[in-house]
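One structure is given below, encoded as structure tokens.
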Amino acid sequence: MEIIIQPTPAGATRIAAKIMADLISAKPAAVLGLATGSTPERLYRALIAQKLDWSRLTCFNLDEYVGILPEHLQSYHHFMWEKLFRHTNISLGNVHIPDGLASDIPATCESYERKIVAAGGIDLQLLGIGTDGHIGFNEQTSSLASRTRIKTLAPQTRKDNARFFGGEEKVPHHAITMGIGTILEARHCLLLAFGDKKARAIAGAIEGPITAMNPASALQLHPAVTVCLDSAAAAELKLQEYYRRAYGQKSDWQKIRPAACRSPSPKQPGKLAAGSCQI
Ligand code: F6R
């Protein structure tokens, strides 16, 4: 795991945007796993400003609320269209977001998993983190082997997201989310976190035990994870000075990006093929 700590969210986002832009330039038909929420907004603006070619990219979003229309201002369909896709030349046929209105939710979840495999697997999975350590909507006690499925949102998540809906009572109770097992099959995971509200979850995810009580801690099992933090989100990390020094002293030969590496076996989470690199 590579931990990159920058003084501000803007600095940490710049590095994350470069990682994504480098992948898009090196692999124009890459498969991206995307996130919503406040954390990636600045990153999406940075990517839009670079006027990259999105025409051959395929995107899979992590999650969507159940029971709200795609046009709903807080649906993740709406978020992605407004914050990213409408500013790019992505082909809409290559955009995948879970269908929160599906009449058969288990079937739609299975089909989502099949589509990821058919696309060749996710090259880069962007992640935010909840204050309780959730990634996607994999709430505390989610199975670390879970696949795309419906989850009941935890009270803390509904409280945290009330700011978007204008009141906790308006926040849906359920969401469809990629599972932790699904996320761990991406070739590279890029986790972003900003602000002191994320400090405890980040410390648990990076330095705590691997536990379903902090679902992001499952990323410790993945051989290619980059974490971009601002100082506030890094504040509770015990080894912050080590991470800062390791990144500051990183020599050119170390700066191989996992996205440029060979594919992992899709059925063996985190297992990279021969010739691949680890961070
Ligand atoms: C959203 C998602 C969630 C958020 C997390 C943090 O697609 O997967 O895990 O990343 O809830 O949300 P923000 O960024 O709003 O703090």
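Residue numbering restarts at 1 for every chain of the structure tokens, chains are lettered A, B, ... in their displayed order, and ligands are numbered from 1 as they appear.
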(Q) Within 9 Å of ligand 1 (counting only C-alpha atoms and all ligand atoms), which residues show up? I'd like them as number ranges by chain. (A) A: 34-41, 61-64, 76, 126-139, 157, 160-161, 164, 177-178, 191-194, 197-198
Could you pull out the strand (DSSP E) residues of stretch 93-129 of chain A, going by DSSP on the backbone, and write them as a PDB file with N, CA and C atoms, in the first residue's frame?
ATOM      1  N   VAL A  95     -21.179   3.278 -20.112  1.00  0.00           N
ATOM      2  CA  VAL A  95     -21.389   3.739 -18.732  1.00  0.00           C
ATOM      3  C   VAL A  95     -22.282   2.737 -17.998  1.00  0.00           C
ATOM      4  N   HIS A  96     -21.809   2.255 -16.878  1.00  0.00           N
ATOM      5  CA  HIS A  96     -22.592   1.287 -16.091  1.00  0.00           C
ATOM      6  C   HIS A  96     -22.746   1.793 -14.661  1.00  0.00           C
ATOM      7  N   LEU A 124      -8.724   0.389 -12.783  1.00  0.00           N
ATOM      8  CA  LEU A 124      -8.480   1.315 -11.674  1.00  0.00           C
ATOM      9  C   LEU A 124      -9.800   1.571 -10.965  1.00  0.00           C
ATOM     10  N   GLN A 125      -9.859   1.259  -9.679  1.00  0.00           N
ATOM     11  CA  GLN A 125     -11.075   1.502  -8.899  1.00  0.00           C
ATOM     12  C   GLN A 125     -10.855   2.683  -7.972  1.00  0.00           C
ATOM     13  N   LEU A 126     -11.591   3.745  -8.225  1.00  0.00           N
ATOM     14  CA  LEU A 126     -11.546   4.930  -7.367  1.00  0.00           C
ATOM     15  C   LEU A 126     -12.454   4.688  -6.161  1.00  0.00           C
ATOM     16  N   LEU A 127     -11.989   5.081  -4.983  1.00  0.00           N
ATOM     17  CA  LEU A 127     -12.772   4.860  -3.755  1.00  0.00           C
ATOM     18  C   LEU A 127     -12.726   6.081  -2.849  1.00  0.00           C
TER      19      LEU A 127
END
Q: Using DSSP on the backbone coordinates, identify all residues within stretch 43-275 of chain A classified as alpha helix (DSSP H); present the result as a ChimeraX atom specification.
A: /A:43-49,76-83,105-118,155-165,180-184,199-207,231-234,240-248
Q. Neighbours of A:Ile97 within 12 Å (only C-alpha atoms; same-chain residues fewer than 5 positions away dropped), as a ChimeraX atom specification?
A. /A:32-36,58-66,70,75-81,92,102,108-109,111-113,115-116,148,175-178
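Across the structure, atom CA of A:Ile206 and atom CA of A:Pro155 are spaced 23.8 Å apart.
Omitting A:Glu2 and its sequence neighbours fewer than 2 positions away, and counting only C-alpha atoms, the residues within 7 Å are Ile4, Val225, Thr226, Val227 and Ile279 of chain A.
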Those residues with N, CA and C atoms, as a short mmCIF file (atom, residue, chain, number, x, y, z; two decimals), in the first residue's frame please?
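Below is the file that was written, again18.cif:
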data_model
loop_
_atom_site.label_atom_id
_atom_site.label_comp_id
_atom_site.auth_asym_id
_atom_site.auth_seq_id
_atom_site.Cartn_x
_atom_site.Cartn_y
_atom_site.Cartn_z
N ILE A 4 0.10 8.42 0.37
CA ILE A 4 0.60 9.73 -0.07
C ILE A 4 -0.14 10.80 0.73
N VAL A 225 -2.52 -0.77 -3.98
CA VAL A 225 -3.44 0.26 -3.47
C VAL A 225 -2.67 1.55 -3.28
N THR A 226 -3.20 2.65 -3.80
CA THR A 226 -2.63 3.97 -3.54
C THR A 226 -3.66 4.75 -2.72
N VAL A 227 -3.20 5.37 -1.65
CA VAL A 227 -4.10 6.17 -0.80
C VAL A 227 -3.62 7.61 -0.84
N ILE A 279 3.05 -2.35 -4.79
CA ILE A 279 3.42 -1.14 -4.06
C ILE A 279 2.99 -1.31 -2.62
#
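If you look at atom CA of A:Cys189 and atom CA of A:Ile15, they are 14.0 Å away from each other.
Omitting A:Ser217 and its sequence neighbours fewer than 2 positions away, and counting only C-alpha atoms, the residues within 7 Å are Gly204, Ala205, Ile206, Ile210, Thr211, Asn214, Pro215, Leu219 and Gln220 of chain A.
Note that atom CA of A:Leu101 and atom CA of A:Glu169 are 19.6 Å apart.
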Please identify every residue of stretch 149-197 of chain A that has at least one atom no farther than 8 Å from an atom of stretch 117-121 of chain A, counting only C-alpha atoms, and for each give the shortest atom pair and the distance in Å to one decimal, arranged by chain then increasing number, as a Markdown table.
| residue | atom | partner | partner_atom | distance |
| --- | --- | --- | --- | --- |
| A:Glu185 | CA | A:Gly121 | CA | 7.5 |
| A:Ala186 | CA | A:Gly121 | CA | 6.5 |
| A:Arg187 | CA | A:Gly121 | CA | 7.9 |
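Of the listed residues (A:Ala10, A:His222, A:Ser142, A:Arg56), A:Arg56 comes nearest to A:Ser91; the distances count only C-alpha atoms.
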